[in-house]
Every structure is written in structure tokens, then in C-alpha cells.
$ cat query-v8.csv   # CSV, C-alpha atoms
chain,number,residue,atom,x,y,z
A,1,MET,CA,0.0,0.0,0.0
A,2,LYS,CA,1.5,3.3,-1.0
A,3,SER,CA,-0.3,5.6,1.5
A,4,ILE,CA,-3.5,6.2,3.3
A,5,LYS,CA,-4.6,9.9,3.2
A,6,TYR,CA,-7.3,10.9,5.7
A,7,LEU,CA,-9.0,14.0,4.6
A,8,LYS,CA,-11.0,16.0,7.2
A,9,THR,CA,-10.4,19.6,6.0
A,10,LEU,CA,-12.1,21.1,3.0
A,11,LYS,CA,-8.9,22.3,1.4
A,12,ALA,CA,-7.3,18.8,1.7
A,13,ALA,CA,-10.4,17.1,0.3
A,14,GLN,CA,-10.6,19.5,-2.6
A,15,GLN,CA,-7.0,18.8,-3.5
A,16,ALA,CA,-7.6,15.1,-3.2
A,17,VAL,CA,-10.6,15.2,-5.5
A,18,ASN,CA,-8.6,17.1,-8.1
A,19,ASP,CA,-5.7,14.6,-7.9
A,20,ILE,CA,-8.1,11.7,-8.4
A,21,LEU,CA,-9.8,13.2,-11.4
A,22,VAL,CA,-6.5,13.8,-13.3
A,23,LYS,CA,-5.0,10.4,-12.6
A,24,GLU,CA,-3.8,8.4,-15.7
A,25,LYS,CA,-6.2,5.5,-15.1
A,26,PRO,CA,-9.8,6.7,-14.7
A,27,VAL,CA,-10.8,3.9,-12.4
A,28,ILE,CA,-11.3,4.0,-8.6
A,29,GLY,CA,-12.6,1.6,-5.9
A,30,VAL,CA,-15.2,3.0,-3.6
A,31,LYS,CA,-16.8,2.1,-0.3
A,32,CYS,CA,-19.2,4.2,1.8
A,33,LEU,CA,-19.0,3.6,5.5
A,34,GLY,CA,-21.4,4.8,8.2
A,35,CYS,CA,-24.5,4.0,10.2
A,36,ASN,CA,-27.1,1.7,8.5
A,37,VAL,CA,-26.0,3.0,5.1
A,38,GLY,CA,-28.9,2.7,2.6
A,39,GLU,CA,-31.5,2.3,5.2
A,40,HIS,CA,-34.1,4.8,6.2
A,41,GLY,CA,-32.4,7.3,8.6
A,42,GLY,CA,-29.0,5.8,7.8
A,43,ARG,CA,-25.9,8.0,7.3
A,44,ILE,CA,-22.7,7.9,5.4
A,45,THR,CA,-19.8,9.3,7.5
A,46,LEU,CA,-16.7,8.1,5.7
A,47,VAL,CA,-16.0,7.5,2.0
A,48,ALA,CA,-13.0,5.4,1.1
A,49,VAL,CA,-11.4,5.6,-2.4
A,50,SER,CA,-8.6,3.4,-3.8
A,51,CYS,CA,-6.7,4.4,-6.9
A,52,TRP,CA,-4.8,2.5,-9.6
A,53,ASP,CA,-1.5,3.8,-8.3
A,54,GLY,CA,-2.1,2.3,-4.8
A,55,ASN,CA,-3.0,5.5,-3.0
A,56,ILE,CA,-6.1,5.4,-0.8
A,57,TYR,CA,-8.1,8.4,0.2
A,58,ILE,CA,-10.5,8.5,3.2
A,59,PHE,CA,-12.9,11.4,3.1
A,60,ASP,CA,-14.6,12.4,6.4
A,61,VAL,CA,-18.1,13.4,5.4
A,62,ILE,CA,-19.7,13.4,8.8
A,63,LYS,CA,-20.7,17.0,7.8
A,64,ASP,CA,-22.8,16.9,4.7
A,65,SER,CA,-21.3,20.1,3.4
A,66,MET,CA,-18.0,18.2,2.8
A,67,MET,CA,-19.6,16.1,0.1
A,68,TYR,CA,-20.7,19.1,-1.9
A,69,GLU,CA,-18.0,21.7,-1.2
A,70,SER,CA,-15.0,19.3,-1.7
A,71,GLY,CA,-16.3,18.3,-5.1
A,72,LEU,CA,-16.5,14.6,-3.9
A,73,LEU,CA,-19.9,14.3,-5.6
A,74,ARG,CA,-18.1,14.9,-8.9
A,75,LEU,CA,-16.4,11.5,-8.5
A,76,PHE,CA,-19.8,9.7,-8.0
A,77,GLN,CA,-21.6,11.5,-10.9
A,78,SER,CA,-18.7,11.5,-13.4
A,79,ILE,CA,-19.5,9.4,-16.5
A,80,GLU,CA,-15.7,9.3,-17.4
A,81,LEU,CA,-14.5,7.9,-14.1
A,82,LEU,CA,-15.3,4.2,-13.5
A,83,LYS,CA,-16.4,3.4,-9.9
A,84,VAL,CA,-15.7,-0.2,-8.8
A,85,PHE,CA,-17.9,-1.3,-5.9
A,86,HIS,CA,-18.7,-4.7,-4.3
A,87,ASP,CA,-22.5,-4.8,-4.1
A,88,CYS,CA,-23.2,-1.1,-4.6
A,89,SER,CA,-26.9,-1.3,-3.6
A,90,ASN,CA,-26.6,0.1,-0.1
A,91,ASP,CA,-24.0,2.7,-1.1
A,92,SER,CA,-26.1,3.9,-4.1
A,93,ALA,CA,-29.2,4.2,-1.9
A,94,GLY,CA,-27.3,6.0,0.8
A,95,LEU,CA,-25.8,8.5,-1.6
A,96,GLN,CA,-29.2,9.2,-3.1
A,97,LYS,CA,-31.2,9.5,0.1
A,98,GLN,CA,-28.6,11.5,2.1
A,99,PHE,CA,-27.0,13.6,-0.6
A,100,ARG,CA,-29.3,13.3,-3.7
A,101,ILE,CA,-26.4,11.9,-5.6
A,102,LYS,CA,-26.9,9.6,-8.5
A,103,LEU,CA,-24.1,7.1,-9.2
A,104,ASN,CA,-22.9,6.9,-12.8
A,105,ASN,CA,-20.5,4.4,-14.5
A,106,VAL,CA,-20.4,1.5,-12.0
A,107,PHE,CA,-18.6,-1.8,-12.1
A,108,ASP,CA,-19.9,-4.2,-9.5
A,109,THR,CA,-17.5,-7.1,-8.6
A,110,GLN,CA,-20.3,-9.1,-7.0
A,111,VAL,CA,-22.3,-9.0,-10.2
A,112,ALA,CA,-19.2,-9.7,-12.3
A,113,HIS,CA,-18.3,-12.8,-10.3
A,114,SER,CA,-21.8,-14.2,-10.3
A,115,ILE,CA,-22.0,-13.9,-14.1
A,116,ILE,CA,-18.6,-15.6,-14.5
A,117,LEU,CA,-19.9,-18.5,-12.4
A,118,GLU,CA,-23.1,-18.8,-14.4
A,119,ARG,CA,-21.4,-18.8,-17.7
A,120,LYS,CA,-19.2,-21.6,-16.6
A,121,GLY,CA,-22.3,-23.6,-15.8
A,122,LEU,CA,-21.8,-23.3,-12.1
A,123,SER,CA,-24.4,-22.2,-9.5
A,124,PRO,CA,-24.2,-18.4,-9.4
A,125,ARG,CA,-23.6,-17.1,-5.9
A,126,LEU,CA,-23.6,-13.6,-4.3
A,127,LEU,CA,-20.3,-13.7,-2.5
A,128,SER,CA,-19.6,-11.3,0.4
A,129,TYR,CA,-16.6,-8.9,-0.1
A,130,GLU,CA,-14.5,-11.0,2.3
A,131,LYS,CA,-15.3,-14.3,0.5
A,132,LEU,CA,-14.6,-12.7,-2.9
A,133,CYS,CA,-11.2,-11.4,-1.7
A,134,ASP,CA,-10.4,-14.9,-0.4
A,135,GLU,CA,-11.5,-16.4,-3.8
A,136,TYR,CA,-9.1,-14.2,-5.6
A,137,HIS,CA,-6.4,-14.4,-3.0
A,138,HIS,CA,-6.4,-10.8,-1.7
A,139,GLN,CA,-5.4,-10.4,1.9
A,140,LEU,CA,-7.5,-8.1,4.1
A,141,HIS,CA,-6.6,-6.2,7.2
A,142,GLU,CA,-7.7,-8.2,10.3
A,143,PRO,CA,-9.4,-5.8,12.7
A,144,THR,CA,-8.3,-5.9,16.3
A,145,GLN,CA,-10.6,-7.8,18.7
A,146,GLU,CA,-11.5,-4.5,20.3
A,147,PHE,CA,-12.6,-3.0,17.0
A,148,GLN,CA,-14.5,-6.2,16.1
A,149,ARG,CA,-16.4,-5.8,19.3
A,150,LEU,CA,-17.2,-2.2,18.6
A,151,LEU,CA,-18.6,-3.2,15.1
A,152,VAL,CA,-21.0,-5.5,16.8
A,153,GLU,CA,-22.0,-3.4,19.8
A,154,ASP,CA,-22.0,0.2,18.4
A,155,ILE,CA,-24.0,0.9,15.3
A,156,ASN,CA,-22.5,4.4,15.2
A,157,VAL,CA,-18.9,3.2,15.3
A,158,TRP,CA,-18.1,4.9,11.9
A,159,ALA,CA,-19.4,8.2,13.3
A,160,ARG,CA,-16.9,8.2,16.2
A,161,ARG,CA,-14.5,11.0,16.2
A,162,PRO,CA,-11.6,11.3,16.2
A,163,VAL,CA,-11.1,8.7,13.5
A,164,THR,CA,-8.6,6.2,14.9
A,165,HIS,CA,-5.7,4.5,13.1
A,166,GLU,CA,-7.6,1.2,13.3
A,167,MET,CA,-10.6,2.8,11.7
A,168,LYS,CA,-8.4,4.0,8.8
A,169,LEU,CA,-6.9,0.6,8.3
A,170,VAL,CA,-10.3,-1.1,8.2
A,171,ALA,CA,-11.7,1.5,5.9
A,172,SER,CA,-8.7,1.3,3.5
A,173,SER,CA,-9.0,-2.5,3.5
A,174,SER,CA,-12.6,-2.2,2.2
A,175,VAL,CA,-11.3,-0.7,-1.1
A,176,LYS,CA,-7.7,-1.7,-1.5
A,177,PRO,CA,-8.3,-5.0,-3.3
A,178,LEU,CA,-11.0,-3.5,-5.6
A,179,VAL,CA,-8.5,-1.5,-7.8
A,180,PRO,CA,-6.7,-2.7,-9.7
A,181,GLY,CA,-6.8,-6.3,-8.3
A,182,LEU,CA,-10.4,-7.5,-8.3
A,183,PHE,CA,-11.4,-5.2,-11.2
A,184,ILE,CA,-8.8,-6.6,-13.5
A,185,GLU,CA,-9.3,-10.2,-12.4
A,186,THR,CA,-13.1,-10.2,-12.8
A,187,ASP,CA,-13.2,-8.0,-15.9
A,188,LYS,CA,-10.9,-10.3,-17.9
A,189,LEU,CA,-13.0,-13.4,-17.0
A,190,LEU,CA,-16.3,-11.8,-18.2
A,191,PRO,CA,-17.1,-13.2,-21.7
A,192,PRO,CA,-17.3,-10.4,-24.3
A,193,ASP,CA,-20.8,-11.3,-25.2
A,194,THR,CA,-22.0,-10.5,-21.6
A,195,ASP,CA,-21.1,-6.8,-21.8
A,196,ASP,CA,-24.7,-5.6,-22.2
A,197,TRP,CA,-26.1,-8.0,-19.7
A,198,PHE,CA,-23.4,-7.1,-17.1
A,199,LEU,CA,-24.1,-3.4,-17.5
A,200,HIS,CA,-27.8,-4.0,-17.1
A,201,ARG,CA,-27.2,-6.0,-14.0
A,202,CYS,CA,-25.0,-3.3,-12.5
A,203,LYS,CA,-27.7,-0.8,-13.2
A,204,GLU,CA,-30.3,-3.0,-11.7
A,205,ILE,CA,-28.3,-3.5,-8.5
A,206,ARG,CA,-27.6,0.2,-8.3
A,207,LEU,CA,-31.3,1.0,-8.3
A,208,SER,CA,-32.5,-2.0,-6.3
A,209,ARG,CA,-32.8,-0.2,-3.0
A,210,LEU,CA,-34.3,2.9,-4.7
A,211,THR,CA,-37.1,1.4,-6.8
A,212,PRO,CA,-39.2,-1.7,-6.3
A,213,SER,CA,-38.3,-4.7,-8.4
A,214,ARG,CA,-40.7,-5.4,-11.2
A,215,PHE,CA,-40.3,-9.2,-10.9
A,216,LYS,CA,-40.3,-11.3,-7.8
A,217,CYS,CA,-37.2,-13.4,-7.2
A,218,GLY,CA,-37.7,-16.8,-8.8
A,219,GLU,CA,-40.5,-15.7,-11.1
A,220,LYS,CA,-40.1,-17.3,-14.5
A,221,ILE,CA,-39.9,-15.4,-17.8
A,222,LYS,CA,-40.7,-17.4,-20.9
A,223,CYS,CA,-38.1,-17.2,-23.6
A,224,SER,CA,-38.3,-18.2,-27.2
A,225,ARG,CA,-34.7,-19.4,-27.2
A,226,ASP,CA,-33.6,-22.8,-26.1
A,227,HIS,CA,-30.6,-21.5,-24.3
A,228,SER,CA,-32.7,-20.2,-21.4
A,229,SER,CA,-35.6,-22.6,-21.3
A,230,GLY,CA,-37.4,-20.1,-19.2
A,231,VAL,CA,-35.2,-21.0,-16.2
A,232,LYS,CA,-34.5,-18.3,-13.7
A,233,HIS,CA,-31.0,-18.0,-12.2
A,234,LEU,CA,-29.3,-15.3,-10.3
A,235,PHE,CA,-31.2,-12.2,-9.1
A,236,GLY,CA,-34.5,-13.9,-10.1
A,237,THR,CA,-33.8,-13.6,-13.8
A,238,HIS,CA,-32.4,-16.0,-16.4
A,239,PHE,CA,-29.2,-15.3,-18.2
A,240,CYS,CA,-30.4,-14.1,-21.6
A,241,SER,CA,-30.0,-10.8,-23.4
A,242,CYS,CA,-32.1,-11.7,-26.5
A,243,PRO,CA,-34.6,-9.0,-27.6
A,244,THR,CA,-37.6,-10.9,-26.3
A,245,CYS,CA,-36.2,-11.2,-22.7
A,246,VAL,CA,-34.7,-7.8,-22.6
A,247,ASP,CA,-38.0,-6.3,-23.8
A,248,GLU,CA,-39.9,-8.2,-21.1
A,249,MET,CA,-37.6,-6.9,-18.4
A,250,GLY,CA,-38.5,-3.4,-19.5
A,251,THR,CA,-34.9,-2.4,-20.5
A,252,ALA,CA,-33.4,-0.8,-23.5
A,253,LEU,CA,-32.0,-3.2,-26.1
A,254,THR,CA,-28.6,-1.6,-26.0
A,255,TYR,CA,-26.4,-0.2,-23.2
A,256,LEU,CA,-23.5,2.1,-23.2
A,257,LYS,CA,-20.2,0.2,-23.2
A,258,THR,CA,-18.0,1.6,-20.6
A,259,ARG,CA,-15.1,-0.8,-20.5
A,260,THR,CA,-12.9,0.9,-23.2
A,261,TYR,CA,-10.3,2.4,-20.9
A,262,MET,CA,-8.3,-0.9,-20.5
A,263,SER,CA,-5.2,-1.2,-22.6

$ encode --input "query-v8.csv" --output "C-alpha cells"
Amino acid sequence: MKSIKYLKTLKAAQQAVNDILVKEKPVIGVKCLGCNVGEHGGRITLVAVSCWDGNIYIFDVIKDSMMYESGLLRLFQSIELLKVFHDCSNDSAGLQKQFRIKLNNVFDTQVAHSIILERKGLSPRLLSYEKLCDEYHHQLHEPTQEFQRLLVEDINVWARRPVTHEMKLVASSSVKPLVPGLFIETDKLLPPDTDDWFLHRCKEIRLSRLTPSRFKCGEKIKCSRDHSSGVKHLFGTHFCSCPTCVDEMGTALTYLKTRTYMS
């Protein structure tokens, strides 16, 4: 790890945002930490960002004004900057509910891995962040027993101030493997013909906590093609991007391709 930069002043946060936006590789890993993030009344108090060069930035947003005045919202809303999340549903909902920020250009590693499994003919699984890191051999920081106890006993642990060294280590560990590690490893295993479907699934997960799902999990959608046989798989939908199925899901037939930055 190159460095962990904790940003609690407006000037430092503004400089960090500018540094991130001009980096050579427009890809970052992101995790929002706080109290019941995505739930009604929940709050985001820290935003951890990992960059391709190994630097990690931890923004203290316990004051809502920091999100706006630092320009941090520009990172989330940018269509040029790719945001790598692991299960972005709660973070997306939290950003929208607390800050009215709409996430753009998202790569979800949980979705990517599940599609990889399904295309291999395996049972698709929604792996936790810890299990996915273990699957791809990324080592995470092991929190101290004291901090593990706090995580269980204190729902407001991420709102505690001052931010301790252990809090910084745990926060950085929540994004360090995302970029470039997990992003490269899952992206290269995604079959090219799944691009549209993957982007749709990322969008669906991003909006899952904001809008009610049109289909119940496990509900069958009939398909005219033999490759699906009407069987439902992960997320309550079968793996098929044919016009019939895409139309039944109420989605556009084509999606913007965002993975053009990899050399």
C-alpha cells in the first residue's frame, strides 16, 4: 500500500478530488461507511477511495457540506470515471437518500463474479466482499478484537471522532483490493458477449434499493430461445439478453459500453 490519506479539512479534500480526477487510469474503488448505510435514517460518515497507483483516500463526510464543497460528488456523478464497488446497492441508496447523488458508471465485482460462475455452468452465488477477496487471494486487514467488538456493539462506530488509526486501516481494506486487483481479475474473465447484460445487472443492483423490483425473485420469464428454457437463475432472472427477454424486463436493447479504458 502506497499511502492512506485521511481528509477532514475542506482544502485537503478538494485537492484530493482534483488529484483523483486527473490520474492516468480513470478507475477507482469505492466504499461508503457509516450507520445503516442505505436504510431509512442511515448516514454515510466516511468515503474510502482506492486508486490504480495504490494510493487510498478516506474522506470524512460526517458534515454533509464536505460532500458538496469538496467536489466529492463529482467523482460519483462522473461518466468518465469508473467506480468499482462490491455490491453497490446500499451505497447507491445511501448517496441518493442522504445527498441526492446519482451514481454513474459503476462496475460491481459481486455482479461480475456471479455472471462468471453462471457462464461456466456453475451455480451463481452472491459472495460477500470477504469471501470474494479470499476467492481471488487478496489479503484483508484483520481488525483488532476491540474493533470487532465495537462493530457488533456500536451501530455508530463509523461516526466516532476522532477517526482512529484502526478505523483508517479497516476503511482502507474495504477498497484496496478493488482496484486494480479485483477489477482486472473479474473483468478479464467476463465473456465479451456478456457486456450488455453485465451493464444492465450493475444498473439494476444500483437501483435495487431505490425502486421496487418489477419481478419477484424466482419468477419465470418465458423465452423463445432454447438457451434459457425459461429457467431463472441469479437475481431472479435468467441469463439471456435476447430481444424478447430484454424487452420483457423493460430495459433498453442496447447499453453504453464503458469498458474501453483498459489497454

$ residues_around --input "query-v8.csv" --residues "stretch 181-191 of chain A" --least-positions-apart "3" --cutoff "10 Å" --atoms "only C-alpha atoms" --output "ChimeraX atom specification"
/A:27-29,52,84-86,107-117,119,132-133,136-138,175-178,194-195,198,259,262

$ closest_residue --input "query-v8.csv" --among "A:Gln148, A:Arg74, A:Lys8, A:Gln96" --to "A:His40" --atoms "only C-alpha atoms"
A:Gln96

$ residues_around --input "query-v8.csv" --residues "A:Tyr6" --least-positions-apart "2" --cutoff "12 Å" --atoms "all atoms listed in the file" --output "list in words"
Ser3, Ile4, Lys8, Thr9, Leu10, Ala12, Ala13, Ala16, Leu46, Val47, Ala48, Val49, Asn55, Ile56, Tyr57, Ile58, Phe59, Asp60, Val61, Pro162, Val163, Thr164, His165, Met167, Lys168, Leu169, Ala171 and Ser172 of chain A

$ closest_residue --input "query-v8.csv" --among "A:Arg125, A:Lys23, A:His141, A:Arg161" --to "A:Ser174" --atoms "only C-alpha atoms"
A:His141

$ atom_distance --input "query-v8.csv" --atom1 "atom CA of A:Leu82" --atom2 "atom CA of A:Asp64"
23.4 Å

$ decode --input "query-v8.csv" --residues "stretch 113-141 of chain A" --atoms "N, CA and C atoms" --output "short mmCIF file (atom, residue, chain, number, x, y, z; two decimals), in the first residue's frame"
data_model
loop_
_atom_site.label_atom_id
_atom_site.label_comp_id
_atom_site.auth_asym_id
_atom_site.auth_seq_id
_atom_site.Cartn_x
_atom_site.Cartn_y
_atom_site.Cartn_z
N HIS A 113 -18.62 -11.48 -10.70
CA HIS A 113 -18.26 -12.85 -10.31
C HIS A 113 -19.43 -13.80 -10.49
N SER A 114 -20.63 -13.35 -10.19
CA SER A 114 -21.80 -14.22 -10.33
C SER A 114 -22.06 -14.57 -11.79
N ILE A 115 -21.85 -13.63 -12.69
CA ILE A 115 -22.03 -13.89 -14.12
C ILE A 115 -20.94 -14.84 -14.62
N ILE A 116 -19.73 -14.67 -14.13
CA ILE A 116 -18.63 -15.57 -14.50
C ILE A 116 -18.98 -17.00 -14.11
N LEU A 117 -19.49 -17.18 -12.90
CA LEU A 117 -19.87 -18.52 -12.44
C LEU A 117 -20.97 -19.10 -13.31
N GLU A 118 -21.97 -18.29 -13.60
CA GLU A 118 -23.10 -18.78 -14.36
C GLU A 118 -22.70 -19.19 -15.77
N ARG A 119 -21.84 -18.42 -16.40
CA ARG A 119 -21.41 -18.77 -17.75
C ARG A 119 -20.52 -20.00 -17.78
N LYS A 120 -19.95 -20.35 -16.65
CA LYS A 120 -19.16 -21.58 -16.55
C LYS A 120 -20.04 -22.80 -16.27
N GLY A 121 -21.33 -22.55 -16.13
CA GLY A 121 -22.25 -23.64 -15.85
C GLY A 121 -22.34 -23.98 -14.37
N LEU A 122 -21.80 -23.07 -13.53
CA LEU A 122 -21.84 -23.29 -12.09
C LEU A 122 -23.00 -22.54 -11.46
N SER A 123 -23.31 -22.91 -10.25
CA SER A 123 -24.39 -22.22 -9.54
C SER A 123 -23.93 -20.81 -9.18
N PRO A 124 -24.63 -19.77 -9.66
CA PRO A 124 -24.22 -18.40 -9.36
C PRO A 124 -24.44 -18.08 -7.89
N ARG A 125 -23.47 -17.43 -7.30
CA ARG A 125 -23.56 -17.09 -5.88
C ARG A 125 -23.25 -15.61 -5.69
N LEU A 126 -23.90 -15.01 -4.72
CA LEU A 126 -23.60 -13.64 -4.34
C LEU A 126 -22.60 -13.69 -3.18
N LEU A 127 -21.33 -13.60 -3.51
CA LEU A 127 -20.31 -13.70 -2.47
C LEU A 127 -20.15 -12.39 -1.72
N SER A 128 -19.88 -12.49 -0.43
CA SER A 128 -19.56 -11.30 0.36
C SER A 128 -18.20 -10.77 -0.09
N TYR A 129 -17.91 -9.56 0.29
CA TYR A 129 -16.62 -8.95 -0.07
C TYR A 129 -15.46 -9.78 0.47
N GLU A 130 -15.58 -10.22 1.71
CA GLU A 130 -14.51 -11.01 2.32
C GLU A 130 -14.29 -12.32 1.57
N LYS A 131 -15.39 -12.98 1.19
CA LYS A 131 -15.26 -14.26 0.50
C LYS A 131 -14.73 -14.09 -0.92
N LEU A 132 -15.10 -12.99 -1.57
CA LEU A 132 -14.58 -12.74 -2.91
C LEU A 132 -13.08 -12.47 -2.87
N CYS A 133 -12.64 -11.70 -1.87
CA CYS A 133 -11.21 -11.45 -1.71
C CYS A 133 -10.46 -12.75 -1.47
N ASP A 134 -11.05 -13.62 -0.68
CA ASP A 134 -10.43 -14.92 -0.43
C ASP A 134 -10.38 -15.76 -1.70
N GLU A 135 -11.45 -15.68 -2.50
CA GLU A 135 -11.52 -16.44 -3.76
C GLU A 135 -10.40 -16.03 -4.72
N TYR A 136 -10.08 -14.73 -4.73
CA TYR A 136 -9.06 -14.23 -5.64
C TYR A 136 -7.72 -13.96 -4.93
N HIS A 137 -7.61 -14.46 -3.72
CA HIS A 137 -6.36 -14.43 -2.96
C HIS A 137 -5.87 -13.01 -2.64
N HIS A 138 -6.78 -12.19 -2.16
CA HIS A 138 -6.42 -10.85 -1.69
C HIS A 138 -6.53 -10.83 -0.16
N GLN A 139 -5.48 -10.42 0.47
CA GLN A 139 -5.45 -10.41 1.93
C GLN A 139 -6.03 -9.11 2.47
N LEU A 140 -6.91 -9.24 3.44
CA LEU A 140 -7.53 -8.08 4.06
C LEU A 140 -6.93 -7.83 5.43
N HIS A 141 -7.03 -6.58 5.87
CA HIS A 141 -6.58 -6.24 7.22
C HIS A 141 -7.48 -6.92 8.24
#
